[in-house]
$ cat work.tsv   # TSV, C-alpha atoms
chain	number	residue	atom	x	y	z
A	1	MET	CA	9.98	-71.73	-69.89
A	2	THR	CA	9.44	-74.40	-67.31
A	3	LYS	CA	11.30	-72.26	-64.82
A	4	LEU	CA	8.91	-69.36	-65.42
A	5	LYS	CA	5.93	-71.66	-65.02
A	6	ASN	CA	7.34	-73.11	-61.85
A	7	SER	CA	7.99	-69.73	-60.30
A	8	ILE	CA	4.47	-68.50	-61.17
A	9	VAL	CA	2.94	-71.58	-59.59
A	10	LEU	CA	5.12	-71.26	-56.51
A	11	GLY	CA	4.23	-67.58	-56.21
A	12	LEU	CA	0.53	-68.33	-56.38
A	13	MET	CA	0.90	-71.00	-53.72
A	14	CYS	CA	2.74	-68.61	-51.48
A	15	VAL	CA	-0.11	-66.14	-51.94
A	16	LEU	CA	-2.58	-68.80	-50.85
A	17	LEU	CA	-0.49	-69.97	-47.93
A	18	THR	CA	0.28	-66.57	-46.42
A	19	PHE	CA	-3.31	-65.50	-47.08
A	20	GLY	CA	-4.50	-68.47	-45.05
A	21	ILE	CA	-2.00	-67.88	-42.27
A	22	PHE	CA	-2.83	-64.21	-41.85
A	23	LEU	CA	-6.57	-64.77	-42.06
A	24	GLN	CA	-6.30	-67.42	-39.38
A	25	MET	CA	-4.18	-65.18	-37.16
A	26	ARG	CA	-6.70	-62.38	-37.40
A	27	THR	CA	-9.60	-64.70	-36.68
A	28	VAL	CA	-7.89	-66.12	-33.60
A	29	GLU	CA	-7.00	-62.65	-32.37
A	30	ASN	CA	-10.55	-61.46	-32.69
A	31	SER	CA	-12.07	-64.54	-31.15
A	32	ASN	CA	-11.00	-63.29	-27.72
A	33	VAL	CA	-14.05	-61.09	-27.87
A	34	LYS	CA	-16.79	-63.33	-26.63
A	35	VAL	CA	-19.17	-63.95	-29.47
A	36	SER	CA	-21.83	-66.52	-29.04
A	37	GLN	CA	-20.73	-69.62	-30.85
A	38	ASN	CA	-23.93	-71.35	-31.56
A	39	TYR	CA	-27.43	-70.81	-32.61
A	40	GLU	CA	-29.05	-72.24	-29.49
A	41	GLU	CA	-27.22	-69.88	-27.17
A	42	ASN	CA	-28.38	-66.95	-29.25
A	43	ASN	CA	-31.95	-68.08	-29.03
A	44	LEU	CA	-31.79	-68.48	-25.27
A	45	ARG	CA	-30.29	-65.05	-24.91
A	46	ALA	CA	-32.99	-63.51	-27.06
A	47	GLU	CA	-35.62	-65.22	-24.93
A	48	VAL	CA	-34.12	-63.91	-21.72
A	49	LEU	CA	-34.12	-60.42	-23.16
A	50	LYS	CA	-37.73	-60.81	-24.17
A	51	PHE	CA	-38.74	-61.83	-20.67
A	52	LYS	CA	-36.78	-58.97	-19.21
A	53	GLU	CA	-38.58	-56.54	-21.43
A	54	LYS	CA	-41.91	-58.03	-20.42
A	55	TYR	CA	-40.94	-57.73	-16.79
A	56	ASP	CA	-39.93	-54.10	-17.24
A	57	ASN	CA	-43.22	-53.32	-18.91
A	58	GLU	CA	-45.16	-54.91	-16.08
A	59	GLN	CA	-43.05	-53.01	-13.60
A	60	LYS	CA	-43.95	-49.76	-15.33
A	61	LEU	CA	-47.64	-50.63	-15.25
A	62	LEU	CA	-47.37	-51.42	-11.56
A	63	GLU	CA	-45.70	-48.10	-10.90
A	64	LYS	CA	-48.44	-46.28	-12.76
A	65	ALA	CA	-51.09	-48.09	-10.79
A	66	GLU	CA	-49.36	-47.22	-7.54
A	67	ASN	CA	-49.22	-43.58	-8.47
A	68	GLN	CA	-52.88	-43.65	-9.26
A	69	LEU	CA	-53.64	-45.30	-5.94
A	70	GLU	CA	-51.69	-42.59	-4.18
A	71	LYS	CA	-53.66	-39.89	-5.96
A	72	GLU	CA	-56.96	-41.54	-5.23
A	73	ARG	CA	-56.07	-41.84	-1.61
A	74	GLU	CA	-55.06	-38.22	-1.43
A	75	SER	CA	-58.25	-36.97	-3.05
A	76	ALA	CA	-60.33	-39.23	-0.85
A	77	THR	CA	-58.75	-38.04	2.37
A	78	LYS	CA	-58.54	-34.39	1.47
A	79	ASN	CA	-61.41	-33.02	3.47
A	80	ASN	CA	-61.45	-35.47	6.28
A	81	SER	CA	-59.02	-34.76	9.10
A	82	GLU	CA	-59.35	-38.24	10.60
A	83	LEU	CA	-58.56	-39.95	7.31
A	84	GLU	CA	-55.74	-37.51	6.71
A	85	ASP	CA	-54.14	-38.62	9.94
A	86	ALA	CA	-54.49	-42.22	8.81
A	87	GLU	CA	-52.85	-41.32	5.49
A	88	ILE	CA	-49.93	-39.70	7.24
A	89	SER	CA	-49.44	-42.72	9.45
A	90	ILE	CA	-49.59	-45.04	6.43
A	91	LYS	CA	-46.89	-42.97	4.74
A	92	LYS	CA	-44.77	-43.05	7.84
A	93	ALA	CA	-45.17	-46.78	8.14
A	94	ASN	CA	-44.34	-47.32	4.47
A	95	LYS	CA	-41.18	-45.31	4.89
A	96	MET	CA	-40.13	-47.36	7.87
A	97	ILE	CA	-40.81	-50.79	6.42
A	98	GLY	CA	-39.15	-49.90	3.14
A	99	LEU	CA	-42.07	-49.49	0.78
A	100	SER	CA	-41.21	-45.95	-0.27
A	101	GLU	CA	-38.10	-44.28	-1.60
A	102	VAL	CA	-36.17	-42.32	1.00
A	103	LYS	CA	-33.50	-39.66	0.87
A	104	GLY	CA	-31.11	-38.20	3.41
A	105	PRO	CA	-27.58	-37.94	4.76
A	106	GLY	CA	-25.58	-41.07	5.47
A	107	VAL	CA	-22.64	-43.16	4.40
A	108	ILE	CA	-21.73	-45.28	1.39
A	109	VAL	CA	-19.64	-48.38	2.11
A	110	THR	CA	-17.99	-50.12	-0.83
A	111	LEU	CA	-16.60	-53.65	-0.54
A	112	LYS	CA	-14.49	-55.16	-3.30
A	113	ASP	CA	-12.66	-58.46	-3.58
A	114	SER	CA	-8.91	-58.41	-3.05
A	115	GLN	CA	-6.87	-57.64	-6.17
A	116	LYS	CA	-4.11	-59.94	-4.98
A	117	ASN	CA	-2.80	-62.53	-7.38
A	118	MET	CA	-4.85	-65.57	-6.41
A	119	ALA	CA	-2.24	-67.98	-7.76
A	120	ASN	CA	-0.04	-67.65	-4.69
A	121	VAL	CA	-2.40	-67.45	-1.74
A	122	MET	CA	-3.23	-70.32	0.53
A	123	ASN	CA	-6.95	-69.89	0.79
A	124	ILE	CA	-8.75	-67.89	-1.86
A	125	ALA	CA	-11.89	-67.74	0.25
A	126	ASP	CA	-10.12	-65.42	2.69
A	127	PHE	CA	-9.72	-62.75	0.05
A	128	ILE	CA	-13.24	-62.33	-1.25
A	129	VAL	CA	-16.27	-60.61	0.23
A	130	HIS	CA	-18.73	-63.08	1.72
A	131	ASP	CA	-22.37	-62.87	2.66
A	132	LEU	CA	-21.37	-62.90	6.32
A	133	ASP	CA	-19.15	-59.85	5.82
A	134	ILE	CA	-22.08	-57.95	4.39
A	135	LEU	CA	-24.29	-59.18	7.19
A	136	SER	CA	-21.79	-57.97	9.80
A	137	VAL	CA	-21.44	-54.57	8.15
A	138	ILE	CA	-25.20	-54.17	8.05
A	139	ASN	CA	-25.53	-55.26	11.63
A	140	GLU	CA	-23.01	-52.63	12.69
A	141	LEU	CA	-24.74	-49.97	10.62
A	142	LYS	CA	-28.05	-50.82	12.27
A	143	ASN	CA	-26.37	-50.68	15.64
A	144	ALA	CA	-25.06	-47.23	14.76
A	145	GLY	CA	-28.58	-46.05	14.03
A	146	ALA	CA	-29.05	-46.52	10.30
A	147	GLU	CA	-32.65	-45.88	9.31
A	148	ALA	CA	-32.63	-47.26	5.79
A	149	ILE	CA	-30.09	-49.57	4.18
A	150	SER	CA	-29.64	-50.82	0.64
A	151	ILE	CA	-27.10	-53.14	-0.93
A	152	ASN	CA	-26.52	-52.51	-4.64
A	153	ASP	CA	-29.95	-50.83	-4.69
A	154	GLU	CA	-31.69	-53.75	-3.00
A	155	ARG	CA	-33.52	-52.34	0.00
A	156	VAL	CA	-32.99	-54.20	3.24
A	157	VAL	CA	-36.40	-54.77	4.81
A	158	THR	CA	-37.65	-56.84	7.72
A	159	THR	CA	-37.92	-60.00	5.65
A	160	SER	CA	-34.59	-59.57	3.84
A	161	ALA	CA	-32.23	-62.50	3.95
A	162	ILE	CA	-28.57	-62.21	2.96
A	163	LEU	CA	-27.29	-65.50	1.66
A	164	CYS	CA	-24.31	-66.91	-0.14
A	165	ASP	CA	-25.36	-67.93	-3.63
A	166	GLY	CA	-22.29	-69.35	-5.32
A	167	ASN	CA	-20.25	-66.56	-6.85
A	168	VAL	CA	-22.78	-63.94	-5.86
A	169	VAL	CA	-24.78	-62.98	-2.83
A	170	SER	CA	-28.54	-63.15	-2.82
A	171	ILE	CA	-30.41	-60.34	-1.12
A	172	ASN	CA	-34.21	-60.31	-1.17
A	173	LYS	CA	-33.82	-63.35	-3.47
A	174	GLU	CA	-32.09	-61.09	-6.00
A	175	LYS	CA	-28.54	-61.96	-7.03
A	176	VAL	CA	-26.01	-59.25	-6.33
A	177	GLY	CA	-22.30	-59.27	-7.20
A	178	VAL	CA	-19.12	-57.38	-6.37
A	179	PRO	CA	-18.54	-54.51	-5.86
A	180	PHE	CA	-21.03	-54.28	-3.03
A	181	VAL	CA	-22.22	-50.73	-2.51
A	182	ILE	CA	-23.96	-50.50	0.84
A	183	LYS	CA	-25.86	-47.26	1.36
A	184	ALA	CA	-27.18	-46.32	4.78
A	185	ILE	CA	-29.14	-43.27	5.86
A	186	GLY	CA	-28.56	-41.98	9.36
A	187	LEU	CA	-26.28	-39.64	11.25
A	188	PRO	CA	-23.16	-39.73	9.03
A	189	GLU	CA	-20.71	-39.21	11.92
A	190	GLY	CA	-22.27	-42.06	13.83
A	191	LEU	CA	-22.36	-44.42	10.89
A	192	ALA	CA	-18.77	-43.55	9.97
A	193	ALA	CA	-17.68	-45.20	13.21
A	194	LEU	CA	-17.81	-48.42	11.22
A	195	ASP	CA	-14.36	-47.41	9.99
A	196	ARG	CA	-12.92	-47.12	13.51
A	197	PRO	CA	-9.62	-48.82	14.38
A	198	GLY	CA	-10.40	-52.44	15.12
A	199	GLY	CA	-13.74	-52.15	13.41
A	200	TYR	CA	-15.10	-54.50	10.84
A	201	LEU	CA	-13.81	-52.59	7.80
A	202	GLN	CA	-10.32	-52.61	9.29
A	203	TYR	CA	-10.65	-56.31	9.86
A	204	LEU	CA	-11.59	-56.81	6.20
A	205	ARG	CA	-8.63	-54.70	5.07
A	206	GLN	CA	-6.31	-57.14	6.85
A	207	TYR	CA	-7.28	-59.54	4.07
A	208	ASP	CA	-6.58	-56.97	1.34
A	209	ILE	CA	-10.29	-56.58	0.69
A	210	GLU	CA	-10.90	-53.11	-0.66
A	211	ALA	CA	-13.27	-51.58	1.86
A	212	SER	CA	-14.01	-47.88	1.73
A	213	LEU	CA	-16.43	-45.65	3.58
A	214	GLU	CA	-17.65	-42.33	2.33
A	215	LYS	CA	-19.89	-39.80	4.03
A	216	SER	CA	-22.54	-38.15	1.93
A	217	ASN	CA	-25.25	-35.59	2.52
A	218	GLU	CA	-27.58	-36.79	-0.16
A	219	ILE	CA	-28.26	-40.48	-0.43
A	220	THR	CA	-31.27	-41.93	-2.18
A	221	ILE	CA	-32.37	-45.41	-1.24
A	222	PRO	CA	-34.94	-47.08	-3.46
A	223	LYS	CA	-38.02	-48.80	-2.17
A	224	TYR	CA	-38.43	-52.53	-1.77
A	225	ASN	CA	-39.61	-54.06	-5.04
A	226	GLY	CA	-41.06	-57.27	-3.69
A	227	LYS	CA	-44.23	-58.04	-1.83
A	228	LEU	CA	-44.49	-57.62	1.92
A	229	GLU	CA	-47.29	-59.80	3.14
A	230	PHE	CA	-47.89	-61.75	6.32
A	231	SER	CA	-50.04	-64.81	5.99
A	232	TYR	CA	-49.39	-66.44	9.39
A	233	ALA	CA	-48.92	-63.55	11.75
A	234	LYS	CA	-52.39	-62.25	12.59
A	235	SER	CA	-53.12	-59.07	14.49
A	236	LEU	CA	-54.66	-59.45	17.91
A	237	GLU	CA	-58.22	-58.15	18.21
A	238	SER	CA	-57.40	-56.01	21.21
A	239	SER	CA	-54.61	-54.13	19.47
A	240	ASN	CA	-56.86	-52.76	16.79
B	1	MET	CA	13.48	-65.93	-60.25
B	2	VAL	CA	11.92	-68.59	-58.06
B	3	LEU	CA	12.98	-66.74	-54.95
B	4	LEU	CA	11.55	-63.50	-56.30
B	5	ALA	CA	8.23	-65.19	-57.08
B	6	ILE	CA	8.09	-66.64	-53.57
B	7	ILE	CA	8.79	-63.29	-51.91
B	8	ILE	CA	6.25	-61.42	-54.06
B	9	GLY	CA	3.70	-64.14	-53.42
B	10	CYS	CA	4.22	-64.01	-49.65
B	11	VAL	CA	3.90	-60.23	-49.49
B	12	LEU	CA	0.81	-60.25	-51.72
B	13	GLY	CA	-0.79	-63.01	-49.68
B	14	ALA	CA	-0.09	-61.20	-46.41
B	15	ILE	CA	-1.64	-57.99	-47.73
B	16	ILE	CA	-4.75	-59.78	-48.98
B	17	GLY	CA	-5.01	-61.78	-45.75
B	18	ILE	CA	-4.83	-58.67	-43.58
B	19	ASN	CA	-7.45	-56.83	-45.58
B	20	ALA	CA	-9.80	-59.72	-46.30
B	21	PRO	CA	-13.12	-60.03	-44.48
B	22	MET	CA	-12.94	-62.30	-41.47
B	23	ILE	CA	-14.28	-65.81	-41.46
B	24	SER	CA	-16.46	-67.01	-38.63
B	25	TYR	CA	-14.86	-68.79	-35.71
B	26	THR	CA	-16.50	-72.11	-36.57
B	27	TYR	CA	-14.58	-72.41	-39.81
B	28	SER	CA	-11.25	-71.25	-38.44
B	29	SER	CA	-10.34	-74.76	-37.28
B	30	TYR	CA	-10.66	-76.01	-40.86
B	31	LEU	CA	-8.53	-73.17	-42.14
B	32	ALA	CA	-5.91	-73.88	-39.50
B	33	ILE	CA	-5.58	-77.52	-40.47
B	34	ALA	CA	-5.44	-76.56	-44.16
B	35	VAL	CA	-2.64	-74.11	-43.41
B	36	ILE	CA	-0.68	-76.78	-41.57
B	37	ALA	CA	-1.14	-79.21	-44.47
B	38	ALA	CA	0.03	-76.60	-46.97
B	39	LEU	CA	3.07	-75.77	-44.85
B	40	ASP	CA	3.93	-79.45	-44.73
B	41	THR	CA	3.76	-79.62	-48.53
B	42	VAL	CA	6.02	-76.58	-48.85
B	43	PHE	CA	8.68	-78.12	-46.63
B	44	GLY	CA	8.32	-81.37	-48.53
B	45	GLY	CA	8.84	-79.45	-51.77
B	46	ILE	CA	12.01	-77.82	-50.49
B	47	ALA	CA	13.30	-81.18	-49.30
B	48	SER	CA	12.64	-82.71	-52.72
B	49	VAL	CA	14.47	-79.80	-54.38
B	50	VAL	CA	17.41	-80.61	-52.13
B	51	ASN	CA	17.20	-84.26	-53.15
B	52	LYS	CA	16.85	-83.21	-56.82
B	53	LYS	CA	13.54	-85.06	-57.14
B	54	PHE	CA	11.30	-82.00	-57.38
B	55	ASP	CA	8.21	-82.37	-59.57
B	56	ILE	CA	5.84	-79.43	-59.86
B	57	LYS	CA	2.82	-81.67	-60.52
B	58	ILE	CA	3.30	-83.66	-57.35
B	59	PHE	CA	3.89	-80.43	-55.47
B	60	ILE	CA	0.64	-78.82	-56.66
B	61	THR	CA	-1.49	-81.90	-56.09
B	62	GLY	CA	0.08	-82.35	-52.65
B	63	PHE	CA	-0.57	-78.74	-51.74
B	64	PHE	CA	-4.27	-78.81	-52.54
B	65	GLY	CA	-4.89	-82.50	-51.93
B	66	ASN	CA	-3.43	-82.51	-48.44
B	67	ALA	CA	-5.28	-79.36	-47.47
B	68	ILE	CA	-8.63	-80.61	-48.75
B	69	LEU	CA	-8.14	-84.05	-47.25
B	70	ALA	CA	-7.25	-82.52	-43.90
B	71	ILE	CA	-10.37	-80.32	-43.97
B	72	LEU	CA	-12.59	-83.26	-44.89
B	73	LEU	CA	-11.10	-85.40	-42.13
B	74	THR	CA	-11.67	-82.63	-39.61
B	75	MET	CA	-15.29	-82.33	-40.69
B	76	LEU	CA	-15.75	-86.09	-40.46
B	77	GLY	CA	-14.18	-86.06	-37.02
B	78	GLU	CA	-16.58	-83.36	-35.91
B	79	LYS	CA	-19.52	-85.43	-37.11
B	80	LEU	CA	-18.23	-88.55	-35.35
B	81	ASN	CA	-17.12	-86.65	-32.24
B	82	VAL	CA	-13.52	-87.85	-32.68
B	83	ASP	CA	-10.72	-85.31	-32.79
B	84	ILE	CA	-9.25	-86.55	-36.05
B	85	TYR	CA	-7.57	-83.20	-36.67
B	86	LEU	CA	-5.14	-84.09	-33.86
B	87	ALA	CA	-3.93	-87.07	-35.88
B	88	ALA	CA	-3.60	-84.87	-38.96
B	89	ILE	CA	-1.57	-82.31	-37.03
B	90	VAL	CA	0.70	-85.00	-35.59
B	91	VAL	CA	1.37	-86.46	-39.03
B	92	PHE	CA	1.95	-83.13	-40.72
B	93	VAL	CA	4.23	-81.77	-38.04
B	94	TRP	CA	6.13	-85.06	-37.95
B	95	ARG	CA	6.74	-84.86	-41.66
B	96	MET	CA	7.69	-81.22	-41.35
B	97	PHE	CA	10.41	-82.14	-38.88
B	98	ILE	CA	11.67	-84.96	-41.09
B	99	ASN	CA	11.80	-82.66	-44.11
B	100	LEU	CA	13.49	-79.96	-42.07
B	101	ALA	CA	16.10	-82.52	-41.00
B	102	ILE	CA	16.77	-83.43	-44.63
B	103	ILE	CA	17.17	-79.75	-45.57
B	104	ARG	CA	19.41	-79.10	-42.58
B	105	ARG	CA	21.66	-82.08	-43.35
B	106	TYR	CA	22.04	-80.94	-46.94
B	107	TYR	CA	23.13	-77.43	-46.04
B	108	VAL	CA	25.34	-78.50	-43.15
B	109	GLU	CA	27.16	-80.94	-45.44
B	110	LYS	CA	27.51	-78.30	-48.12
B	111	TRP	CA	29.04	-75.81	-45.71
B	112	SER	CA	31.29	-78.28	-44.02
B	113	ASN	CA	32.57	-79.40	-47.43
B	114	LYS	CA	33.29	-75.80	-48.33
B	115	PHE	CA	35.18	-75.15	-45.10
B	116	SER	CA	37.19	-78.36	-45.30
B	117	LYS	CA	38.16	-77.51	-48.87
B	118	LYS	CA	39.35	-74.09	-47.79
B	119	ASP	CA	41.32	-75.62	-44.95
B	120	LYS	CA	42.94	-78.08	-47.33
B	121	GLU	CA	43.91	-75.29	-49.71
B	122	LYS	CA	45.37	-73.32	-46.84
B	123	ASN	CA	47.31	-76.32	-45.61
B	124	VAL	CA	48.69	-76.94	-49.09
B	125	GLU	CA	49.81	-73.31	-49.40
B	126	GLU	CA	51.50	-73.42	-46.01
B	127	ASP	CA	53.25	-76.62	-46.92
B	128	GLU	CA	54.49	-75.08	-50.15
B	129	GLU	CA	55.76	-72.02	-48.30
B	130	ILE	CA	57.56	-74.16	-45.80
B	131	ALA	CA	59.03	-76.21	-48.62
B	132	LYS	CA	60.20	-73.02	-50.37
B	133	LYS	CA	61.82	-71.75	-47.20
B	134	THR	CA	63.61	-75.00	-46.59
B	135	ASN	CA	64.77	-75.01	-50.20
B	136	GLN	CA	66.09	-71.48	-49.86
B	137	ASN	CA	67.95	-72.44	-46.74

$ encode --input "work.tsv" --output "structure tokens"
Amino acid sequence: MTKLKNSIVLGLMCVLLTFGIFLQMRTVENSNVKVSQNYEENNLRAEVLKFKEKYDNEQKLLEKAENQLEKERESATKNNSELEDAEISIKKANKMIGLSEVKGPGVIVTLKDSQKNMANVMNIADFIVHDLDILSVINELKNAGAEAISINDERVVTTSAILCDGNVVSINKEKVGVPFVIKAIGLPEGLAALDRPGGYLQYLRQYDIEASLEKSNEITIPKYNGKLEFSYAKSLESSN
Amino acid sequence: MVLLAIIIGCVLGAIIGINAPMISYTYSSYLAIAVIAALDTVFGGIASVVNKKFDIKIFITGFFGNAILAILLTMLGEKLNVDIYLAAIVVFVWRMFINLAIIRRYYVEKWSNKFSKKDKEKNVEEDEEIAKKTNQN
């Protein structure tokens, strides 16, 4: 009788023990998926999302207003040849300084960090894409006659700065990470010279950085989202 | 019978554990320490069986008491910002090793006794055979 009792008790304990072990194993396995671990983090995340949504809404409103402005301008300048000329020149200028979306043939350059195992290299910094690499690529593209350039859909305009910002690169004060997709509109054959032997892309490939160049006939480059305003540089009276 | 109960219990527990709903990550550290405490009690139980001092009451109270105490200590440590669970793990694993050593010694002695007995029997038989042969000669 006592033996029966003992074995029942032992069996129940084994149930409990293995239940605990397996439950724990499953929990640990699943914890690799990043779940937020505390309440505060969740709240912060929710707040960020809220602000993002607000920002998107404002952006939409702004777009609507811009469209309306465009329409108004068109209807106002319809029957006046002088104003129509002015409108055309405004459009041209907007295109050139990056305030309107543009489309055309060009090249797409993609830069990715080296996939090498970083545990056995001397200097990790040699194997990642830096702000200066992007700057050099853009400089070469401009030299080759690129008319419009964007990096990860951030339009490069006259006031654009390309800076190192920790793990990422900041362009137009927006943070941009790898892979860097640099789009440039211009004569594709001319721009493709970036990939020439001894060129900058080849130089990057020496460090196992994945640099690729692709010609395309249809590239869309978005407009600059920020504000272009000069508060110090004034026009001369005579130039007006 | 005991062995059968243990095997059935283990299989049943594994099935329930695999199919049970998951606990949140915050509580998994408590469960882990409870599991270690329970394992320690199981090894202690086996060691006491080996020493012929096994008492089911002490075993049950040790199983639950150790687990609950370990969980409470872990919670207290979290409140005080001291990693008390480390001390609990050290103690439990220490005792596990000691108990394992006791079990190991017991079985090693048992087997070595068996083998030496067999050897003795063999030696005796050989001696007898030799004696017979010499007698015949």

$ interface_residues --input "work.tsv" --of "chain B" --to "chain A" --cutoff "7 Å" --atoms "only C-alpha atoms" --output "number ranges by chain"
B: 1-2, 5-6, 8-10, 12-14, 16-18, 22-23, 25, 28, 31-32, 35, 38, 56

$ closest_residue --input "work.tsv" --among "B:Ile130, B:Val124, B:Leu76, B:Ile102" --to "Ala47 in chain B" --atoms "all atoms listed in the file"
B:Ile102

$ residues_around --input "work.tsv" --residues "range 58-63 of chain B" --least-positions-apart "4" --cutoff "8 Å" --atoms "all atoms listed in the file" --output "PyMOL selection string"
chain B and resi 37-38+41-42+45+54+67

$ closest_residue --input "work.tsv" --among "A:Lys112, A:Lys78, A:Lys142, A:Arg196" --to "Ile128 in chain A" --atoms "only C-alpha atoms"
A:Lys112

$ atom_distance --input "work.tsv" --atom1 "CA of Val107 in chain A" --atom2 "CA of Glu63 in chain A"
28.1 Å

$ closest_residue --input "work.tsv" --among "B:Thr134, B:Asp40, B:Lys57, B:Lys122" --to "Trp94 in chain B" --atoms "only C-alpha atoms"
B:Asp40

$ residues_around --input "work.tsv" --residues "Ile89 in chain B" --least-positions-apart "4" --cutoff "9 Å" --atoms "only C-alpha atoms" --output "list of chain:residue names"
B:Ile33, B:Ile36, B:Ala37, B:Ala70, B:Ile84, B:Tyr85, B:Val93, B:Trp94

$ residues_around --input "work.tsv" --residues "Glu147 in chain A" --least-positions-apart "2" --cutoff "8 Å" --atoms "all atoms listed in the file" --output "PyMOL selection string"
chain A and resi 96+142+145+149+184-186

$ atom_distance --input "work.tsv" --atom1 "CA of Glu109 in chain B" --atom2 "CA of Glu121 in chain B"
18.2 Å

$ residues_around --input "work.tsv" --residues "Glu189 in chain A" --least-positions-apart "4" --cutoff "12 Å" --atoms "only C-alpha atoms" --output "number ranges by chain"
A: 105-107, 141, 144-146, 184-185, 193-196, 213-217

$ decode --input "work.tsv" --residues "range 52-63 of chain B" --atoms "N, CA, C and O atoms" --output "compact mmCIF listing (two decimals), in the first residue's frame"
# COMPACT_ATOMS: atom_id res chain seq x y z
N LYS B 52 19.22 4.30 2.05
CA LYS B 52 18.14 3.63 2.79
C LYS B 52 17.59 4.53 3.90
O LYS B 52 17.29 4.07 5.00
N LYS B 53 17.49 5.83 3.61
CA LYS B 53 16.92 6.76 4.59
C LYS B 53 15.74 7.50 3.97
O LYS B 53 15.38 8.57 4.43
N PHE B 54 15.18 6.95 2.89
CA PHE B 54 14.16 7.67 2.15
C PHE B 54 12.87 7.80 2.96
O PHE B 54 12.40 6.84 3.55
N ASP B 55 12.34 9.06 3.00
CA ASP B 55 11.08 9.32 3.67
C ASP B 55 10.23 10.18 2.74
O ASP B 55 10.64 11.27 2.35
N ILE B 56 9.07 9.66 2.37
CA ILE B 56 8.25 10.35 1.37
C ILE B 56 7.82 11.73 1.84
O ILE B 56 7.72 12.66 1.05
N LYS B 57 7.58 11.88 3.17
CA LYS B 57 7.13 13.18 3.67
C LYS B 57 8.20 14.24 3.48
O LYS B 57 7.94 15.34 3.00
N ILE B 58 9.41 13.87 3.84
CA ILE B 58 10.52 14.83 3.69
C ILE B 58 10.73 15.16 2.21
O ILE B 58 10.98 16.31 1.85
N PHE B 59 10.56 14.13 1.39
CA PHE B 59 10.73 14.34 -0.05
C PHE B 59 9.72 15.34 -0.59
O PHE B 59 10.07 16.30 -1.29
N ILE B 60 8.43 15.14 -0.22
CA ILE B 60 7.39 16.04 -0.74
C ILE B 60 7.60 17.46 -0.23
O ILE B 60 7.58 18.43 -1.01
N THR B 61 7.83 17.59 1.07
CA THR B 61 7.99 18.95 1.62
C THR B 61 9.23 19.60 1.02
O THR B 61 9.23 20.81 0.75
N GLY B 62 10.28 18.82 0.78
CA GLY B 62 11.49 19.39 0.17
C GLY B 62 11.21 19.86 -1.24
O GLY B 62 11.64 20.94 -1.64
N PHE B 63 10.47 19.04 -1.98
CA PHE B 63 10.16 19.37 -3.38
C PHE B 63 9.47 20.72 -3.48
O PHE B 63 9.91 21.62 -4.19
